[in-house]
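Presented below is the structure to which this report refers.
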Amino acid sequence: MAFARLLLLLLAGHALCDYPLQGDFLARGKNHKAPLPGIPWWQCLAAHSMIHAGAVMLITGSLWLALTELVIHTATDYAKCDSRITFNQDQAVHVTCKLLWSVLWVLGCK
């Protein structure tokens, strides 16, 4: 798979996972600063991050890239909910990861 095609698929997967597949419940439920009553925030954050990791796995076929996506996406969204980074910084980290996954995949680091 060519670099540009892979990057486009990863970015499209990110857009799909971060917007329509996240929904209001996960978007609000993952926030440890304002948790939904009776809903463990960490379960929502883990579910959201797993959706992203699953997309990376489906697109690249790489368990290592998917696991790395899981960890980085979780940490980034936690930092955003903690107000340590802005929404735009959060998105920049996610896009940069997709760029890095594409480079690593093309280089054979799968």
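Ordered as shown in the structure tokens, chains take letters A, B, and onward, while each chain numbers its residues from 1 and ligands are numbered from 1 in the order shown.
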
* To do: Could you give me, as a PyMOL selection string, the residues within 10 Å of Ala46 of chain A, counting only C-alpha atoms and dropping anything in the same chain fewer than 6 positions from it?
  => chain A and resi 26+30+52+70-71+73-74

* Asked: Do you know which residues are at most 12 Å from Gln91 of chain A counting only C-alpha atoms, after dropping those on the same chain fewer than 4 positions away, and could you put them as a list of chain:residue names?
  -> A:Leu11, A:His14, A:Ala15, A:Asp18, A:Tyr19, A:His73, A:Thr76, A:Asp77, A:Ala79, A:Lys80, A:Ile85, A:Thr86, A:Phe87, A:Val95, A:Thr96, A:Cys97, A:Lys98

May I have the selected residues written with C-alpha atoms, as a JSON list (two decimals), in the first residue's frame?
```json
[["chain", "number", "residue", "atom", "x", "y", "z"],
["A", 11, "LEU", "CA", -6.92, 10.00, 8.57],
["A", 14, "HIS", "CA", -9.55, 8.86, 12.61],
["A", 15, "ALA", "CA", -12.31, 11.22, 11.45],
["A", 18, "ASP", "CA", -13.42, 10.66, 16.59],
["A", 19, "TYR", "CA", -16.71, 12.09, 15.35],
["A", 73, "HIS", "CA", -4.85, 8.09, 22.07],
["A", 76, "THR", "CA", -3.84, 12.44, 24.63],
["A", 77, "ASP", "CA", -7.57, 12.43, 25.31],
["A", 79, "ALA", "CA", -4.69, 15.33, 28.77],
["A", 80, "LYS", "CA", -7.36, 17.14, 26.75],
["A", 85, "ILE", "CA", -3.85, 20.52, 25.95],
["A", 86, "THR", "CA", -6.45, 22.16, 23.72],
["A", 87, "PHE", "CA", -8.80, 20.51, 21.26],
["A", 95, "VAL", "CA", -2.87, 13.46, 12.97],
["A", 96, "THR", "CA", 0.86, 13.33, 13.72],
["A", 97, "CYS", "CA", 0.43, 9.76, 14.96],
["A", 98, "LYS", "CA", -1.28, 8.78, 11.72]]
```

* Asked: So, counting only C-alpha atoms, which residue among A:Gly38, A:Cys17, A:Leu45, A:Gly23 is closest to Cys81 of chain A?
  ->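 Using only C-alpha atoms, Cys81 of chain A sits closest to A:Leu45.
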
* **Residue among A:Ile59, A:Asn88, A:Val93, A:Ala4 lying closest to Ala75 of chain A, counting only C-alpha atoms** =>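 Among the listed residues, A:Val93 lies closest to Ala75 of chain A.
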
* Asked: Just how far from atom CA of Arg5 of chain A is atom CA of His94 of chain A, in Å to one decimal?
  ->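 So the answer is 17.4 Å.
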
* Counting only C-alpha atoms, what is within 6 Å of Ala66 of chain A, bar same-chain residues fewer than 4 positions away, as a PyMOL selection string? -> chain A and resi 53+56-57

Take the residues from that selection and put them in a file with all heavy atoms, as a compact mmCIF listing (two decimals), in the first residue's frame.
```txt
# COMPACT_ATOMS: atom_id res chain seq x y z
N ALA A 53 -7.88 2.19 18.07
CA ALA A 53 -6.89 1.13 17.88
C ALA A 53 -7.39 0.08 16.90
O ALA A 53 -6.63 -0.42 16.06
CB ALA A 53 -6.56 0.49 19.23
N VAL A 56 -6.95 1.36 13.35
CA VAL A 56 -5.55 1.27 12.94
C VAL A 56 -5.21 -0.19 12.61
O VAL A 56 -4.54 -0.46 11.60
CB VAL A 56 -4.60 1.84 14.02
CG1 VAL A 56 -3.14 1.52 13.70
CG2 VAL A 56 -4.80 3.36 14.13
N MET A 57 -5.69 -1.12 13.42
CA MET A 57 -5.44 -2.54 13.17
C MET A 57 -6.07 -2.99 11.86
O MET A 57 -5.44 -3.70 11.06
CB MET A 57 -5.98 -3.36 14.34
CG MET A 57 -5.80 -4.83 14.21
SD MET A 57 -4.09 -5.28 14.47
CE MET A 57 -4.22 -7.04 14.36
```

* To do: Considering only C-alpha atoms, state which residue in the set A:Cys109, A:Leu16, A:Asp90, A:Ile39 is at the smallest distance from Tyr78 of chain A.
  =>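 Selected residue with least distance to Tyr78 of chain A: A:Asp90.
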
Run DSSP on the backbone of this structure and report the residues of chain A it assigns to alpha helix (DSSP H), as a compact mmCIF listing (two decimals) with N, CA, C and O atoms, in the first residue's frame.
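Writing the result to result-v9.txt gives the following:
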```txt
# COMPACT_ATOMS: atom_id res chain seq x y z
N PHE A 3 2.25 5.02 0.55
CA PHE A 3 2.24 5.91 1.71
C PHE A 3 1.02 6.82 1.73
O PHE A 3 0.31 6.91 2.73
N ALA A 4 0.75 7.52 0.63
CA ALA A 4 -0.35 8.49 0.58
C ALA A 4 -1.70 7.80 0.79
O ALA A 4 -2.57 8.33 1.49
N ARG A 5 -1.86 6.62 0.20
CA ARG A 5 -3.12 5.89 0.35
C ARG A 5 -3.30 5.46 1.81
O ARG A 5 -4.40 5.60 2.36
N LEU A 6 -2.26 4.95 2.42
CA LEU A 6 -2.33 4.53 3.82
C LEU A 6 -2.63 5.72 4.72
O LEU A 6 -3.50 5.64 5.60
N LEU A 7 -1.95 6.82 4.51
CA LEU A 7 -2.19 8.01 5.32
C LEU A 7 -3.63 8.49 5.18
O LEU A 7 -4.29 8.81 6.18
N LEU A 8 -4.13 8.52 3.96
CA LEU A 8 -5.51 8.95 3.75
C LEU A 8 -6.49 8.02 4.48
O LEU A 8 -7.44 8.48 5.11
N LEU A 9 -6.26 6.71 4.39
CA LEU A 9 -7.13 5.76 5.09
C LEU A 9 -7.07 5.96 6.61
O LEU A 9 -8.11 5.92 7.29
N LEU A 10 -5.87 6.16 7.14
CA LEU A 10 -5.74 6.37 8.59
C LEU A 10 -6.41 7.67 9.03
O LEU A 10 -7.06 7.71 10.08
N LEU A 11 -6.27 8.72 8.23
CA LEU A 11 -6.92 10.00 8.57
C LEU A 11 -8.43 9.88 8.47
O LEU A 11 -9.17 10.42 9.31
N ALA A 12 -8.92 9.17 7.46
CA ALA A 12 -10.37 8.96 7.32
C ALA A 12 -10.87 8.11 8.48
O ALA A 12 -11.95 8.39 9.05
N GLY A 13 -10.11 7.09 8.85
CA GLY A 13 -10.48 6.27 10.01
C GLY A 13 -10.53 7.09 11.28
O GLY A 13 -11.44 6.93 12.10
N HIS A 14 -9.57 7.99 11.43
CA HIS A 14 -9.55 8.86 12.61
C HIS A 14 -10.80 9.74 12.64
O HIS A 14 -11.46 9.86 13.68
N ALA A 15 -11.12 10.35 11.51
CA ALA A 15 -12.31 11.22 11.45
C ALA A 15 -13.57 10.43 11.78
O ALA A 15 -14.44 10.91 12.54
N LEU A 16 -13.67 9.23 11.27
CA LEU A 16 -14.83 8.39 11.54
C LEU A 16 -14.91 8.02 13.02
O LEU A 16 -15.98 8.11 13.64
N CYS A 17 -13.78 7.65 13.60
CA CYS A 17 -13.76 7.22 15.01
C CYS A 17 -13.91 8.38 15.99
O CYS A 17 -14.47 8.20 17.07
N ASP A 18 -13.39 9.54 15.65
CA ASP A 18 -13.42 10.66 16.59
C ASP A 18 -14.71 11.46 16.52
O ASP A 18 -14.99 12.23 17.43
N GLY A 23 -19.69 9.73 19.42
CA GLY A 23 -21.00 10.09 19.95
C GLY A 23 -20.92 10.90 21.23
O GLY A 23 -19.87 11.02 21.85
N ASP A 24 -22.05 11.43 21.61
CA ASP A 24 -22.14 12.28 22.79
C ASP A 24 -21.84 11.51 24.08
O ASP A 24 -21.17 12.03 24.97
N PHE A 25 -22.31 10.27 24.17
CA PHE A 25 -22.10 9.48 25.39
C PHE A 25 -20.61 9.29 25.68
O PHE A 25 -20.14 9.57 26.79
N LEU A 26 -19.84 8.81 24.70
CA LEU A 26 -18.41 8.60 24.94
C LEU A 26 -17.68 9.93 25.09
O LEU A 26 -16.76 10.03 25.91
N ALA A 27 -18.05 10.93 24.31
CA ALA A 27 -17.39 12.23 24.39
C ALA A 27 -17.53 12.83 25.79
O ALA A 27 -16.57 13.37 26.35
N ARG A 28 -18.69 12.71 26.36
CA ARG A 28 -18.92 13.24 27.71
C ARG A 28 -18.46 12.26 28.78
O ARG A 28 -17.92 12.65 29.81
N GLY A 29 -18.69 10.97 28.53
CA GLY A 29 -18.40 9.96 29.53
C GLY A 29 -16.92 9.74 29.81
O GLY A 29 -16.55 9.30 30.89
N TRP A 41 -15.65 6.79 34.04
CA TRP A 41 -15.06 7.55 32.94
C TRP A 41 -13.99 6.75 32.21
O TRP A 41 -13.85 6.84 31.00
N TRP A 42 -13.25 5.95 32.97
CA TRP A 42 -12.13 5.21 32.37
C TRP A 42 -12.64 4.14 31.40
O TRP A 42 -11.94 3.80 30.44
N GLN A 43 -13.83 3.61 31.63
CA GLN A 43 -14.39 2.66 30.68
C GLN A 43 -14.74 3.34 29.36
O GLN A 43 -14.52 2.78 28.28
N CYS A 44 -15.28 4.53 29.45
CA CYS A 44 -15.61 5.30 28.23
C CYS A 44 -14.35 5.68 27.47
O CYS A 44 -14.30 5.56 26.24
N LEU A 45 -13.32 6.14 28.20
CA LEU A 45 -12.06 6.51 27.56
C LEU A 45 -11.42 5.28 26.92
O LEU A 45 -10.93 5.34 25.78
N ALA A 46 -11.43 4.15 27.61
CA ALA A 46 -10.86 2.92 27.06
C ALA A 46 -11.63 2.46 25.82
O ALA A 46 -11.02 2.06 24.82
N ALA A 47 -12.95 2.54 25.87
CA ALA A 47 -13.76 2.13 24.72
C ALA A 47 -13.47 3.01 23.51
O ALA A 47 -13.29 2.52 22.38
N HIS A 48 -13.41 4.31 23.73
CA HIS A 48 -13.12 5.24 22.63
C HIS A 48 -11.74 4.96 22.04
O HIS A 48 -11.59 4.89 20.82
N SER A 49 -10.76 4.76 22.89
CA SER A 49 -9.40 4.49 22.42
C SER A 49 -9.31 3.15 21.71
O SER A 49 -8.56 3.00 20.73
N MET A 50 -10.07 2.17 22.17
CA MET A 50 -10.10 0.86 21.51
C MET A 50 -10.71 0.95 20.12
O MET A 50 -10.28 0.25 19.20
N ILE A 51 -11.70 1.80 19.95
CA ILE A 51 -12.29 2.01 18.62
C ILE A 51 -11.20 2.51 17.67
O ILE A 51 -11.07 2.03 16.54
N HIS A 52 -10.41 3.47 18.13
CA HIS A 52 -9.31 4.00 17.32
C HIS A 52 -8.26 2.94 17.04
O HIS A 52 -7.77 2.81 15.91
N ALA A 53 -7.88 2.19 18.07
CA ALA A 53 -6.89 1.13 17.88
C ALA A 53 -7.39 0.08 16.90
O ALA A 53 -6.63 -0.42 16.06
N GLY A 54 -8.67 -0.24 16.98
CA GLY A 54 -9.26 -1.20 16.05
C GLY A 54 -9.20 -0.71 14.61
O GLY A 54 -8.91 -1.50 13.69
N ALA A 55 -9.44 0.58 14.41
CA ALA A 55 -9.35 1.14 13.06
C ALA A 55 -7.93 1.04 12.52
O ALA A 55 -7.71 0.67 11.36
N VAL A 56 -6.95 1.36 13.35
CA VAL A 56 -5.55 1.27 12.94
C VAL A 56 -5.21 -0.19 12.61
O VAL A 56 -4.54 -0.46 11.60
N MET A 57 -5.69 -1.12 13.42
CA MET A 57 -5.44 -2.54 13.17
C MET A 57 -6.07 -2.99 11.86
O MET A 57 -5.44 -3.70 11.06
N LEU A 58 -7.31 -2.57 11.63
CA LEU A 58 -8.00 -2.96 10.39
C LEU A 58 -7.31 -2.41 9.15
O LEU A 58 -7.22 -3.07 8.13
N ILE A 59 -6.81 -1.19 9.25
CA ILE A 59 -6.20 -0.53 8.09
C ILE A 59 -4.78 -1.03 7.84
O ILE A 59 -4.39 -1.27 6.70
N THR A 60 -4.00 -1.18 8.90
CA THR A 60 -2.58 -1.53 8.73
C THR A 60 -2.30 -3.02 8.91
O THR A 60 -1.27 -3.51 8.43
N LEU A 63 -0.55 -5.18 14.82
CA LEU A 63 -0.90 -5.19 16.24
C LEU A 63 -0.12 -4.12 16.99
O LEU A 63 -0.65 -3.43 17.86
N TRP A 64 1.17 -3.95 16.67
CA TRP A 64 2.03 -2.99 17.37
C TRP A 64 1.58 -1.56 17.14
O TRP A 64 1.55 -0.76 18.09
N LEU A 65 1.21 -1.23 15.91
CA LEU A 65 0.72 0.13 15.65
C LEU A 65 -0.62 0.34 16.36
O LEU A 65 -0.87 1.43 16.90
N ALA A 66 -1.47 -0.69 16.39
CA ALA A 66 -2.76 -0.57 17.07
C ALA A 66 -2.58 -0.37 18.57
O ALA A 66 -3.24 0.48 19.17
N LEU A 67 -1.67 -1.13 19.18
CA LEU A 67 -1.42 -0.98 20.61
C LEU A 67 -0.82 0.38 20.94
O LEU A 67 -1.16 1.00 21.96
N THR A 68 0.06 0.85 20.07
CA THR A 68 0.65 2.18 20.28
C THR A 68 -0.41 3.25 20.14
O THR A 68 -0.45 4.21 20.92
N GLU A 69 -1.29 3.09 19.16
CA GLU A 69 -2.43 4.01 19.00
C GLU A 69 -3.28 4.01 20.26
O GLU A 69 -3.68 5.09 20.73
N LEU A 70 -3.55 2.85 20.80
CA LEU A 70 -4.37 2.74 22.01
C LEU A 70 -3.76 3.55 23.15
O LEU A 70 -4.45 4.36 23.80
N VAL A 71 -2.48 3.38 23.38
CA VAL A 71 -1.81 4.07 24.49
C VAL A 71 -1.76 5.58 24.26
O VAL A 71 -2.11 6.38 25.15
N ILE A 72 -1.33 5.99 23.07
CA ILE A 72 -1.19 7.42 22.81
C ILE A 72 -2.54 8.11 22.74
O ILE A 72 -2.70 9.22 23.26
N HIS A 73 -3.53 7.46 22.15
CA HIS A 73 -4.85 8.09 22.07
C HIS A 73 -5.44 8.26 23.47
O HIS A 73 -6.00 9.32 23.78
N THR A 74 -5.26 7.26 24.32
CA THR A 74 -5.76 7.35 25.69
C THR A 74 -5.09 8.51 26.44
O THR A 74 -5.76 9.33 27.06
N ALA A 75 -3.77 8.57 26.36
CA ALA A 75 -3.03 9.63 27.06
C ALA A 75 -3.38 11.02 26.53
O ALA A 75 -3.53 11.97 27.32
N THR A 76 -3.53 11.14 25.24
CA THR A 76 -3.84 12.44 24.63
C THR A 76 -5.23 12.91 25.03
O THR A 76 -5.42 14.07 25.41
N ASP A 77 -6.21 12.02 24.94
CA ASP A 77 -7.57 12.43 25.31
C ASP A 77 -7.69 12.71 26.80
O ASP A 77 -8.42 13.61 27.21
N TYR A 78 -6.96 11.97 27.62
CA TYR A 78 -6.94 12.25 29.05
C TYR A 78 -6.39 13.66 29.30
O TYR A 78 -6.95 14.43 30.08
N ALA A 79 -5.29 13.99 28.62
CA ALA A 79 -4.69 15.33 28.77
C ALA A 79 -5.64 16.42 28.30
O ALA A 79 -5.71 17.49 28.91
N LYS A 80 -6.39 16.15 27.24
CA LYS A 80 -7.36 17.14 26.75
C LYS A 80 -8.46 17.34 27.79
O LYS A 80 -8.81 18.49 28.09
N CYS A 81 -8.98 16.26 28.34
CA CYS A 81 -10.03 16.37 29.35
C CYS A 81 -9.50 17.05 30.62
O CYS A 81 -10.26 17.67 31.36
N PHE A 87 -8.20 21.37 22.27
CA PHE A 87 -8.80 20.51 21.26
C PHE A 87 -7.91 20.44 20.02
O PHE A 87 -7.67 19.35 19.48
N ASN A 88 -7.41 21.59 19.56
CA ASN A 88 -6.56 21.60 18.37
C ASN A 88 -5.24 20.87 18.60
O ASN A 88 -4.74 20.19 17.69
N GLN A 89 -4.67 20.99 19.78
CA GLN A 89 -3.45 20.25 20.09
C GLN A 89 -3.73 18.75 20.12
O GLN A 89 -2.93 17.95 19.63
N ASP A 90 -4.86 18.37 20.68
CA ASP A 90 -5.29 16.97 20.70
C ASP A 90 -5.37 16.43 19.27
O ASP A 90 -4.82 15.36 18.97
N GLN A 91 -6.02 17.16 18.41
CA GLN A 91 -6.16 16.71 17.02
C GLN A 91 -4.80 16.68 16.31
O GLN A 91 -4.54 15.79 15.50
N ALA A 92 -3.94 17.62 16.61
CA ALA A 92 -2.59 17.64 16.00
C ALA A 92 -1.80 16.40 16.40
O ALA A 92 -1.10 15.80 15.58
N VAL A 93 -1.92 15.99 17.66
CA VAL A 93 -1.23 14.76 18.11
C VAL A 93 -1.78 13.56 17.35
O VAL A 93 -1.02 12.72 16.85
N HIS A 94 -3.10 13.47 17.22
CA HIS A 94 -3.72 12.34 16.52
C HIS A 94 -3.29 12.28 15.05
O HIS A 94 -2.95 11.21 14.54
N VAL A 95 -3.28 13.42 14.38
CA VAL A 95 -2.87 13.46 12.97
C VAL A 95 -1.39 13.12 12.83
O VAL A 95 -0.99 12.38 11.93
N THR A 96 -0.57 13.64 13.74
CA THR A 96 0.86 13.33 13.72
C THR A 96 1.09 11.84 13.90
O THR A 96 1.96 11.25 13.25
N CYS A 97 0.32 11.22 14.78
CA CYS A 97 0.43 9.76 14.96
C CYS A 97 0.12 9.04 13.66
O CYS A 97 0.83 8.09 13.29
N LYS A 98 -0.94 9.45 12.97
CA LYS A 98 -1.28 8.78 11.72
C LYS A 98 -0.17 8.94 10.69
O LYS A 98 0.13 8.01 9.94
N LEU A 99 0.46 10.08 10.67
CA LEU A 99 1.60 10.30 9.79
C LEU A 99 2.75 9.38 10.18
O LEU A 99 3.35 8.72 9.32
N LEU A 100 3.03 9.28 11.47
CA LEU A 100 4.10 8.40 11.95
C LEU A 100 3.79 6.93 11.66
O LEU A 100 4.66 6.18 11.23
N TRP A 101 2.53 6.50 11.88
CA TRP A 101 2.17 5.10 11.59
C TRP A 101 2.40 4.80 10.11
O TRP A 101 2.89 3.73 9.77
N SER A 102 2.06 5.76 9.25
CA SER A 102 2.25 5.57 7.81
C SER A 102 3.72 5.43 7.46
O SER A 102 4.10 4.55 6.68
N VAL A 103 4.56 6.28 8.04
CA VAL A 103 6.00 6.20 7.79
C VAL A 103 6.55 4.87 8.29
O VAL A 103 7.29 4.18 7.57
N LEU A 104 6.20 4.50 9.51
CA LEU A 104 6.70 3.25 10.07
C LEU A 104 6.24 2.04 9.26
O LEU A 104 7.01 1.12 9.01
N TRP A 105 4.99 2.05 8.80
CA TRP A 105 4.46 0.95 8.03
C TRP A 105 5.21 0.82 6.70
O TRP A 105 5.60 -0.27 6.31
N VAL A 106 5.40 1.95 6.04
CA VAL A 106 6.11 1.94 4.74
C VAL A 106 7.56 1.48 4.92
O VAL A 106 8.11 0.77 4.07
```

* To do: Choose the residue, out of A:Asp82, A:Gly61, A:Leu21, A:Ala2, that has the smallest atom-to-atom separation from Ala34 of chain A; count only C-alpha atoms.
  =>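 The answer is A:Asp82, which sits nearest to Ala34 of chain A.
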